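Here is coords-v6.cif, consisting of mmCIF, C-alpha atoms:
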data_entry
loop_
_atom_site.label_atom_id
_atom_site.label_comp_id
_atom_site.auth_asym_id
_atom_site.auth_seq_id
_atom_site.Cartn_x
_atom_site.Cartn_y
_atom_site.Cartn_z
CA MET U 7 54.30 94.29 89.29
CA HIS U 8 51.72 94.65 92.07
CA SER U 9 52.15 93.01 95.46
CA ASN U 10 50.53 93.81 98.82
CA GLY U 11 49.65 97.37 97.83
CA ARG U 12 53.17 98.18 96.58
CA PRO U 13 52.66 99.06 92.90
CA HIS U 14 55.97 100.84 92.35
CA HIS U 15 58.96 98.60 91.67
CA CYS U 16 62.65 99.28 91.17
CA PRO U 17 63.85 98.38 87.64
CA HIS U 18 67.32 97.55 89.02
CA CYS U 19 66.59 95.16 91.89
CA GLY U 20 62.81 94.62 91.79
CA LYS U 21 62.14 95.98 95.28
CA LEU U 22 58.53 97.16 95.74
CA PHE U 23 57.25 100.46 97.19
CA LYS U 24 53.87 101.86 98.16
CA ALA U 25 54.57 105.42 97.00
CA ASN U 26 56.38 106.74 93.94
CA SER U 27 58.28 109.14 96.19
CA ASP U 28 59.68 106.16 98.12
CA LEU U 29 60.82 104.60 94.85
CA LYS U 30 62.55 107.83 93.81
CA GLN U 31 64.47 107.93 97.08
CA HIS U 32 65.42 104.25 96.72
CA LEU U 33 66.74 104.75 93.18
CA ARG U 34 69.51 106.90 94.63
CA VAL U 35 71.06 103.69 95.97
CA HIS U 36 71.64 102.59 92.38
CA THR U 37 72.43 105.99 90.82
CA GLY U 38 74.66 107.20 93.66
CA ASP U 39 72.79 110.53 93.72
CA LYS U 40 73.34 112.37 97.02
CA PRO U 41 71.58 115.75 96.80
CA TYR U 42 71.74 116.60 100.51
CA LYS U 43 75.13 118.16 101.27
CA CYS U 44 76.46 118.91 104.74
CA SER U 45 77.36 122.59 105.16
CA LEU U 46 79.99 121.72 107.79
CA CYS U 47 82.03 119.08 105.92
CA ASP U 48 82.31 117.48 102.48
CA ARG U 49 79.84 114.63 103.16
CA SER U 50 76.70 114.22 101.03
CA PHE U 51 73.64 112.04 101.60
CA ALA U 52 70.82 110.48 99.64
CA HIS U 53 68.18 111.41 102.23
CA SER U 54 67.61 114.54 104.31
CA SER U 55 66.96 112.46 107.45
CA THR U 56 70.41 110.88 107.09
CA LEU U 57 71.96 114.35 106.78
CA GLN U 58 70.24 115.54 109.97
CA LYS U 59 71.39 112.42 111.84
CA HIS U 60 74.94 113.03 110.56
CA LYS U 61 74.90 116.61 111.86
CA ARG U 62 73.63 115.54 115.28
CA HIS U 63 76.24 112.82 115.64
CA LEU U 64 79.35 114.49 114.18
CA HIS U 65 78.80 118.25 114.34
CA SER U 66 77.08 118.73 117.69
CA ASN U 67 79.02 118.79 120.94
CA SER U 68 75.96 118.76 123.17
CA ARG U 69 75.76 115.41 124.99
CA PRO U 70 73.78 116.09 128.20
CA HIS U 71 72.90 112.48 129.03
CA HIS U 72 75.59 110.35 130.66
CA CYS U 73 75.80 106.66 131.57
CA PRO U 74 76.15 106.12 135.35
CA HIS U 75 78.17 102.93 134.76
CA CYS U 76 80.86 103.98 132.27
CA GLY U 77 80.39 107.74 131.94
CA LYS U 78 79.76 107.73 128.19
CA LEU U 79 77.80 110.77 127.02
CA PHE U 80 74.76 110.75 124.73
CA LYS U 81 72.88 113.41 122.81
CA THR U 82 69.41 111.99 123.47
CA ILE U 83 67.76 110.11 126.34
CA THR U 84 66.73 107.41 123.84
CA GLU U 85 70.37 106.71 122.98
CA LEU U 86 71.21 106.48 126.68
CA LYS U 87 68.34 104.03 127.35
CA LEU U 88 69.51 101.79 124.52
CA HIS U 89 73.08 101.93 125.79
CA LEU U 90 72.06 100.98 129.35
CA ARG U 91 70.94 97.60 128.03
CA VAL U 92 74.61 96.76 127.43
CA HIS U 93 75.31 97.01 131.17
CA ALA U 94 72.04 95.36 132.22
CA GLY U 95 72.43 92.50 129.73
CA GLU U 96 68.88 93.24 128.58
CA LYS U 97 68.03 91.87 125.11
CA PRO U 98 64.25 92.12 124.66
CA TYR U 99 64.17 91.50 120.91
CA LYS U 100 64.28 87.75 120.25
CA CYS U 101 64.70 86.14 116.85
CA SER U 102 61.83 83.76 116.03
CA LEU U 103 64.10 81.69 113.79
CA CYS U 104 67.03 81.03 116.14
CA ASP U 105 68.04 81.55 119.77
CA ARG U 106 69.68 84.98 119.28
CA SER U 107 68.43 88.06 121.15
CA PHE U 108 69.26 91.74 120.68
CA THR U 109 69.22 95.01 122.57
CA GLN U 110 67.63 96.93 119.69
CA SER U 111 64.87 96.14 117.20
CA SER U 112 67.02 97.39 114.31
CA HIS U 113 69.75 94.90 115.26
CA LEU U 114 67.20 92.08 115.13
CA GLN U 115 65.99 93.11 111.69
CA THR U 116 69.57 93.32 110.40
CA HIS U 117 70.26 89.88 111.88
CA LYS U 118 67.27 88.36 110.07
CA ARG U 119 68.30 89.85 106.73
CA HIS U 120 71.89 88.67 107.20
CA LEU U 121 71.31 85.13 108.44
CA HIS U 122 67.75 84.14 107.58
CA SER U 123 67.33 85.57 104.08
CA ASN U 124 68.95 84.53 100.81
CA SER U 125 67.87 87.63 98.88
CA ARG U 126 70.80 89.79 97.74
CA PRO U 127 69.25 92.51 95.53
CA TYR U 128 72.14 94.98 95.67
CA HIS U 129 75.12 94.37 93.39
CA CYS U 130 78.45 96.15 93.00
CA PRO U 131 78.90 97.60 89.48
CA HIS U 132 82.68 97.15 89.75
CA CYS U 133 83.11 93.52 90.81
CA GLY U 134 79.59 92.09 90.76
CA LYS U 135 79.51 91.18 94.45
CA LEU U 136 75.96 90.90 95.82
CA PHE U 137 74.65 92.35 99.08
CA LYS U 138 71.52 91.93 101.17
CA LEU U 139 71.48 95.55 102.39
CA SER U 140 71.97 98.84 100.55
CA THR U 141 74.16 100.01 103.44
CA GLU U 142 76.47 97.03 102.86
CA LEU U 143 76.82 98.00 99.20
CA LYS U 144 77.58 101.61 100.11
CA ARG U 145 80.34 100.53 102.50
CA HIS U 146 81.74 98.09 99.96
CA LEU U 147 81.96 100.77 97.25
CA ARG U 148 84.57 102.61 99.32
CA VAL U 149 86.94 99.74 98.55
CA HIS U 150 86.82 100.62 94.86
CA ASN U 151 86.81 104.42 95.04
CA ASP U 152 89.28 104.61 97.96
CA ALA U 153 86.97 107.10 99.70
CA LYS U 154 87.93 108.13 103.22
CA PRO U 155 85.05 110.36 104.35
CA TYR U 156 85.93 110.45 108.06
CA SER U 157 88.56 113.07 108.96
CA CYS U 158 90.20 113.70 112.32
CA ARG U 159 89.65 117.27 113.50
CA HIS U 160 92.95 117.22 115.40
CA CYS U 161 95.35 115.95 112.72
CA SER U 162 95.51 115.09 109.03
CA HIS U 163 94.44 111.45 109.37
CA GLN U 164 91.48 110.27 107.29
CA PHE U 165 89.57 107.02 107.58
CA ARG U 166 87.37 104.83 105.44
CA TRP U 167 85.19 103.69 108.35
CA HIS U 168 83.61 105.66 111.20
CA HIS U 169 84.74 103.17 113.85
CA GLN U 170 88.36 103.68 112.70
CA LEU U 171 88.02 107.42 113.38
CA MET U 172 86.48 106.79 116.80
CA THR U 173 89.29 104.39 117.73
CA HIS U 174 91.89 106.87 116.49
CA LEU U 175 90.38 109.69 118.59
CA LEU U 176 90.50 107.48 121.67
CA LYS U 177 94.03 106.18 121.22
CA SER U 178 95.75 109.23 119.71
CA HIS U 179 93.85 112.19 121.18
CA ASN U 180 92.23 110.75 124.32
CA GLU U 181 88.83 111.89 123.03
CA GLY U 182 85.78 109.77 123.71
CA THR U 183 84.98 107.05 126.22
CA TRP U 184 86.33 103.55 126.52
CA PHE U 185 83.80 100.76 127.11
CA THR U 186 84.94 98.81 130.16
CA CYS U 187 84.01 95.25 131.09
CA ASP U 188 82.54 95.24 134.62
CA ILE U 189 83.92 91.75 135.21
CA CYS U 190 87.57 91.91 134.14
CA GLN U 191 88.02 95.68 133.49
CA LYS U 192 89.21 95.10 129.92
CA LYS U 193 88.63 98.20 127.75
CA PHE U 194 87.11 98.40 124.26
CA SER U 195 86.71 101.21 121.77
CA ARG U 196 83.35 99.95 120.42
CA THR U 197 80.15 98.84 122.13
CA GLY U 198 79.84 95.81 119.86
CA HIS U 199 83.28 94.59 120.87
CA LEU U 200 82.34 94.85 124.55
CA GLU U 201 79.09 92.95 123.94
CA ARG U 202 80.93 90.11 122.21
CA HIS U 203 83.50 90.08 125.01
CA LEU U 204 80.77 89.84 127.68
CA LEU U 205 79.53 86.67 126.01
CA GLN U 206 82.82 85.02 126.92
CA HIS U 207 81.98 85.52 130.60
CA LYS U 208 78.39 84.28 130.28
CA LEU U 209 78.28 81.56 127.65
CA VAL U 210 79.66 78.05 127.55
CA LYS U 211 82.27 77.63 124.84
CA SER U 212 80.53 74.74 123.14
CA HIS U 213 82.13 75.11 119.70
CA VAL U 214 85.36 73.09 119.67
CA CYS U 215 88.03 73.23 116.99
CA SER U 216 88.73 69.83 115.44
CA GLU U 217 92.39 70.71 114.85
CA CYS U 218 93.39 72.13 118.26
CA PRO U 219 92.03 72.53 121.83
CA ARG U 220 90.59 76.03 121.21
CA ARG U 221 86.91 76.48 122.13
CA PHE U 222 84.50 79.28 121.15
CA CYS U 223 81.14 80.67 122.22
CA ALA U 224 79.87 81.20 118.68
CA ALA U 225 80.01 79.11 115.54
CA ALA U 226 81.11 82.17 113.54
CA ALA U 227 84.14 82.62 115.83
CA LEU U 228 85.09 78.97 115.36
CA LYS U 229 84.77 79.28 111.58
CA SER U 230 87.01 82.34 111.58
CA HIS U 231 89.57 80.57 113.78
CA GLN U 232 89.70 77.50 111.52
CA LEU U 233 91.30 79.62 108.80
CA VAL U 234 94.49 79.34 110.89
CA HIS U 235 94.60 75.62 110.09
CA SER U 236 93.71 76.01 106.41
CA SER U 237 96.08 76.64 103.51
CA LEU U 238 93.30 78.24 101.48
CA GLN U 239 93.89 81.92 100.74
CA GLN U 240 90.59 83.07 99.31
CA PHE U 241 90.99 86.86 99.42
CA CYS U 242 93.16 88.80 97.02
CA CYS U 243 94.41 92.41 97.12
CA GLY U 244 93.48 93.92 93.78
CA LYS U 245 96.33 96.41 94.03
CA CYS U 246 99.33 94.09 94.34
CA GLY U 247 97.87 90.58 93.89
CA LYS U 248 98.86 89.30 97.34
CA TYR U 249 96.56 86.64 98.81
CA PHE U 250 95.20 86.34 102.36
CA LYS U 251 93.20 83.82 104.37
CA ASP U 252 91.10 86.38 106.22
CA LYS U 253 88.96 89.20 104.77
CA HIS U 254 89.86 91.59 107.60
CA ASN U 255 93.57 91.09 106.92
CA VAL U 256 93.23 91.89 103.23
CA VAL U 257 91.15 95.00 104.03
CA SER U 258 93.85 96.20 106.44
CA HIS U 259 96.57 95.43 103.88
CA PHE U 260 94.65 97.13 101.07
CA GLU U 261 94.54 100.42 102.98
CA ARG U 262 98.35 100.42 103.27
CA CYS U 263 99.12 99.03 99.80
CA SER U 264 100.63 101.61 97.43
CA ASP U 265 100.05 99.74 94.15
CA ASP U 266 97.09 101.58 92.61
CA ARG U 267 95.14 99.02 90.63
CA LEU U 268 91.68 97.65 91.27
CA GLY U 269 90.35 96.66 94.70
CA ILE U 270 89.78 93.74 97.02
CA ILE U 271 88.40 90.67 95.25
CA SER U 272 87.40 87.32 96.68
CA LEU U 273 88.18 84.22 94.70
CA PHE U 274 84.51 83.36 95.06
CA ASN U 275 83.55 86.50 93.10
CA PRO U 276 83.01 86.23 89.33
CA HIS U 277 86.14 88.32 88.69
CA VAL U 278 89.70 87.41 89.62
CA CYS U 279 92.77 89.45 90.45
CA MET U 280 94.66 90.62 87.39
#
Let me see the file written as structure tokens.
Amino acid sequence: MHSNGRPHHCPHCGKLFKANSDLKQHLRVHTGDKPYKCSLCDRSFAHSSTLQKHKRHLHSNSRPHHCPHCGKLFKTITELKLHLRVHAGEKPYKCSLCDRSFTQSSHLQTHKRHLHSNSRPYHCPHCGKLFKLSTELKRHLRVHNDAKPYSCRHCSHQFRWHHQLMTHLLKSHNEGTWFTCDICQKKFSRTGHLERHLLQHKLVKSHVCSECPRRFCAAAALKSHQLVHSSLQQFCCGKCGKYFKDKHNVVSHFERCSDDRLGIISLFNPHVCM
């Protein structure tokens, strides 16, 4: 297949590449090959650039650049500049397909793939679930292999997700920086949570629940809330068979469930809980 000067195509998902070397790197998404191993922990990576980024973020204590508003420290001036947009409310990257804006170009591109594209080329070999991004598939695979690659350096706790480790360090070891709302002083462990919270101060809550007086700034928040009024339990724990209305609840339950069986499966997936 030849398209726009991209003669090399992936036999698994059909994605096109200009160079054969790019195709070889991409194939690691499907094979799970991770030849670049970190010498400081047990993590491995498909690309050398990802390994170097991992070392800078997790194994380097040098953070010379600090935010004058909240005191958070950053390793590079670029990271600090991007962070300052959170406090300034600056979102220069506007979506041409809707009214959303973003602080970073990468966030805009992710938004377009998530909301304005129907292509889902990445599939899970265990349950068949489809994903738009290779990073989404990689995160999902942890559900099936029970991998917990993020370890606390102060205690024996291990975590499946990086943000869980960061929250643990803040709450249990007072390590890191809380993100504080300048308006109401409420604290958050993640920048994204603060950004969503700031919307509540700035936006009109135009999305109204048809079942109760609750109002929301975003349609996605209203949709999530409406599960409270529904009897549908669409998510199933593959370990014990218990059903849940909300995906986040079943993920949280799955991590504590001791019945070692399969994984988290949605009723909308082609497989069902056994």
Output as a tab-separated table one row per residue of stretch 119-164 of chain U within 12 Å of stretch 180-183 of chain U: the closest atom pair and its distance in Å to one decimal place, counting all atoms listed in the file, sorted by chain and residue number ascending.
residue	atom	partner	partner_atom	distance
U:Cys158	CA	U:Glu181	CA	10.9
U:Arg159	CA	U:Glu181	CA	11.0
U:His160	CA	U:Glu181	CA	10.2
Checklist outcome for this item: Using all atoms listed in the file, the residue out of U:Leu46, U:Thr82, U:Gln31, U:His113 with shortest distance to U:Lys97 is U:His113
Mind telling me what the PyMOL selection byres ((chain U and resi 148-152) around 12) catches here, as a PDB file with C-alpha atoms, in the frame of the given file?
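File part-v6.pdb, as written:
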ATOM      1  CA  CYS U 130      78.450  96.150  93.000  1.00  0.00           C
ATOM      2  CA  PRO U 131      78.900  97.600  89.480  1.00  0.00           C
ATOM      3  CA  HIS U 132      82.680  97.150  89.750  1.00  0.00           C
ATOM      4  CA  CYS U 133      83.110  93.520  90.810  1.00  0.00           C
ATOM      5  CA  GLY U 134      79.590  92.090  90.760  1.00  0.00           C
ATOM      6  CA  LYS U 135      79.510  91.180  94.450  1.00  0.00           C
ATOM      7  CA  THR U 141      74.160 100.010 103.440  1.00  0.00           C
ATOM      8  CA  GLU U 142      76.470  97.030 102.860  1.00  0.00           C
ATOM      9  CA  LEU U 143      76.820  98.000  99.200  1.00  0.00           C
ATOM     10  CA  LYS U 144      77.580 101.610 100.110  1.00  0.00           C
ATOM     11  CA  ARG U 145      80.340 100.530 102.500  1.00  0.00           C
ATOM     12  CA  HIS U 146      81.740  98.090  99.960  1.00  0.00           C
ATOM     13  CA  LEU U 147      81.960 100.770  97.250  1.00  0.00           C
ATOM     14  CA  ALA U 153      86.970 107.100  99.700  1.00  0.00           C
ATOM     15  CA  LYS U 154      87.930 108.130 103.220  1.00  0.00           C
ATOM     16  CA  PRO U 155      85.050 110.360 104.350  1.00  0.00           C
ATOM     17  CA  TYR U 156      85.930 110.450 108.060  1.00  0.00           C
ATOM     18  CA  GLN U 164      91.480 110.270 107.290  1.00  0.00           C
ATOM     19  CA  PHE U 165      89.570 107.020 107.580  1.00  0.00           C
ATOM     20  CA  ARG U 166      87.370 104.830 105.440  1.00  0.00           C
ATOM     21  CA  TRP U 167      85.190 103.690 108.350  1.00  0.00           C
ATOM     22  CA  CYS U 243      94.410  92.410  97.120  1.00  0.00           C
ATOM     23  CA  GLY U 244      93.480  93.920  93.780  1.00  0.00           C
ATOM     24  CA  LYS U 245      96.330  96.410  94.030  1.00  0.00           C
ATOM     25  CA  VAL U 256      93.230  91.890 103.230  1.00  0.00           C
ATOM     26  CA  VAL U 257      91.150  95.000 104.030  1.00  0.00           C
ATOM     27  CA  SER U 258      93.850  96.200 106.440  1.00  0.00           C
ATOM     28  CA  HIS U 259      96.570  95.430 103.880  1.00  0.00           C
ATOM     29  CA  PHE U 260      94.650  97.130 101.070  1.00  0.00           C
ATOM     30  CA  GLU U 261      94.540 100.420 102.980  1.00  0.00           C
ATOM     31  CA  ARG U 262      98.350 100.420 103.270  1.00  0.00           C
ATOM     32  CA  CYS U 263      99.120  99.030  99.800  1.00  0.00           C
ATOM     33  CA  SER U 264     100.630 101.610  97.430  1.00  0.00           C
ATOM     34  CA  ASP U 266      97.090 101.580  92.610  1.00  0.00           C
ATOM     35  CA  ARG U 267      95.140  99.020  90.630  1.00  0.00           C
ATOM     36  CA  LEU U 268      91.680  97.650  91.270  1.00  0.00           C
ATOM     37  CA  GLY U 269      90.350  96.660  94.700  1.00  0.00           C
ATOM     38  CA  ILE U 270      89.780  93.740  97.020  1.00  0.00           C
ATOM     39  CA  ILE U 271      88.400  90.670  95.250  1.00  0.00           C
TER      40      ILE U 271
END
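Across the model, the gap from atom CA of U:Leu228 to atom CA of U:His213 is 6.5 Å.
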Checklist outcome for this item: Restricting to all atoms listed in the file, whichever of U:His122, U:His207, U:His14, U:Lys59 is closest to U:Lys30 is U:His14
Next on the checklist: Can you tell me which residues surround stretch 76-78 of chain U at a distance of at most 10 Å, considering all atoms listed in the file, apart from same-chain residues fewer than 6 positions away, and format the answer as JSON, numbers by chain?
Outcome noted: {"U": [69, 86, 89, 90, 93, 182, 183, 184, 185, 186, 187, 188]}
Using the selection just defined, write its residues with C-alpha atoms as a PDB file, keeping the file's coordinate frame.
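In the end it all went to out-v3.pdb:
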ATOM      1  CA  ARG U  69      75.760 115.410 124.990  1.00  0.00           C
ATOM      2  CA  LEU U  86      71.210 106.480 126.680  1.00  0.00           C
ATOM      3  CA  HIS U  89      73.080 101.930 125.790  1.00  0.00           C
ATOM      4  CA  LEU U  90      72.060 100.980 129.350  1.00  0.00           C
ATOM      5  CA  HIS U  93      75.310  97.010 131.170  1.00  0.00           C
ATOM      6  CA  GLY U 182      85.780 109.770 123.710  1.00  0.00           C
ATOM      7  CA  THR U 183      84.980 107.050 126.220  1.00  0.00           C
ATOM      8  CA  TRP U 184      86.330 103.550 126.520  1.00  0.00           C
ATOM      9  CA  PHE U 185      83.800 100.760 127.110  1.00  0.00           C
ATOM     10  CA  THR U 186      84.940  98.810 130.160  1.00  0.00           C
ATOM     11  CA  CYS U 187      84.010  95.250 131.090  1.00  0.00           C
ATOM     12  CA  ASP U 188      82.540  95.240 134.620  1.00  0.00           C
TER      13      ASP U 188
END
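Between atom CA of U:Ser140 and atom CA of U:Ser123 the interatomic distance comes to 14.5 Å.
The residues returned by the PyMOL selection byres ((chain U and resi 70) around 9) for this structure are Ser68, Arg69, His71, His72, Leu79, Phe80, Lys81, Thr82 and Ile83 of chain U.
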Next on the checklist: Please list as JSON, numbers by chain every residue within 12 Å of U:Ile189, counting only C-alpha atoms and excluding residues in the same chain fewer than 3 positions away.
Outcome noted: {"U": [93, 186, 192, 193, 200, 203, 204, 205, 206, 207, 208]}
Using the incomplete input, complete stretch 167-197 of chain U to the level of N, CA and C atoms; output as a compact mmCIF listing (two decimals), in the frame of the given file.
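Below is the file rebuild_9.txt, written as the result:
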# COMPACT_ATOMS: atom_id res chain seq x y z
N TRP U 167 86.30 104.11 107.52
CA TRP U 167 85.19 103.69 108.35
C TRP U 167 85.08 104.57 109.59
N HIS U 168 83.85 104.79 110.04
CA HIS U 168 83.61 105.66 111.20
C HIS U 168 84.24 105.08 112.46
N HIS U 169 84.18 103.76 112.63
CA HIS U 169 84.74 103.17 113.85
C HIS U 169 86.26 103.34 113.90
N GLN U 170 86.92 103.43 112.72
CA GLN U 170 88.36 103.68 112.70
C GLN U 170 88.67 105.09 113.23
N LEU U 171 87.84 106.06 112.87
CA LEU U 171 88.02 107.42 113.38
C LEU U 171 87.82 107.46 114.88
N MET U 172 86.76 106.80 115.37
CA MET U 172 86.48 106.79 116.80
C MET U 172 87.63 106.15 117.60
N THR U 173 88.17 105.05 117.07
CA THR U 173 89.29 104.39 117.73
C THR U 173 90.52 105.28 117.72
N HIS U 174 90.75 105.96 116.60
CA HIS U 174 91.89 106.87 116.49
C HIS U 174 91.77 108.01 117.50
N LEU U 175 90.58 108.59 117.64
CA LEU U 175 90.38 109.69 118.59
C LEU U 175 90.66 109.24 120.02
N LEU U 176 90.25 108.01 120.33
CA LEU U 176 90.50 107.48 121.67
C LEU U 176 91.98 107.27 121.93
N LYS U 177 92.65 106.58 121.00
CA LYS U 177 94.03 106.18 121.22
C LYS U 177 95.03 107.31 121.02
N SER U 178 94.77 108.19 120.04
CA SER U 178 95.75 109.23 119.71
C SER U 178 95.47 110.57 120.38
N HIS U 179 94.19 110.86 120.66
CA HIS U 179 93.85 112.19 121.18
C HIS U 179 93.07 112.13 122.49
N ASN U 180 92.91 110.93 123.04
CA ASN U 180 92.23 110.75 124.32
C ASN U 180 90.85 111.40 124.31
N GLU U 181 90.17 111.32 123.17
CA GLU U 181 88.83 111.89 123.03
C GLU U 181 87.81 110.76 122.92
N GLY U 182 86.78 110.82 123.72
CA GLY U 182 85.78 109.77 123.71
C GLY U 182 85.82 108.97 125.00
N THR U 183 85.09 107.88 125.01
CA THR U 183 84.98 107.05 126.22
C THR U 183 85.22 105.60 125.89
N TRP U 184 86.11 104.98 126.66
CA TRP U 184 86.33 103.55 126.52
C TRP U 184 85.16 102.79 127.13
N PHE U 185 84.82 101.64 126.55
CA PHE U 185 83.80 100.76 127.11
C PHE U 185 84.51 99.70 127.94
N THR U 186 84.20 99.67 129.23
CA THR U 186 84.94 98.81 130.16
C THR U 186 84.09 97.64 130.62
N CYS U 187 84.68 96.46 130.59
CA CYS U 187 84.01 95.25 131.09
C CYS U 187 83.94 95.32 132.62
N ASP U 188 82.73 95.18 133.17
CA ASP U 188 82.54 95.24 134.62
C ASP U 188 83.15 94.05 135.33
N ILE U 189 83.43 92.97 134.59
CA ILE U 189 83.92 91.75 135.21
C ILE U 189 85.44 91.71 135.28
N CYS U 190 86.10 92.01 134.17
CA CYS U 190 87.57 91.91 134.14
C CYS U 190 88.27 93.24 133.87
N GLN U 191 87.50 94.32 133.68
CA GLN U 191 88.02 95.68 133.49
C GLN U 191 88.74 95.88 132.15
N LYS U 192 88.61 94.93 131.23
CA LYS U 192 89.21 95.10 129.92
C LYS U 192 88.46 96.20 129.18
N LYS U 193 89.22 97.04 128.41
CA LYS U 193 88.63 98.20 127.75
C LYS U 193 88.47 97.95 126.25
N PHE U 194 87.40 98.53 125.69
CA PHE U 194 87.11 98.40 124.26
C PHE U 194 86.72 99.75 123.69
N SER U 195 87.02 99.94 122.42
CA SER U 195 86.71 101.21 121.77
C SER U 195 85.31 101.22 121.17
N ARG U 196 84.68 100.04 121.03
CA ARG U 196 83.35 99.95 120.42
C ARG U 196 82.42 99.12 121.30
N THR U 197 81.15 99.54 121.32
CA THR U 197 80.15 98.84 122.13
C THR U 197 80.01 97.39 121.69
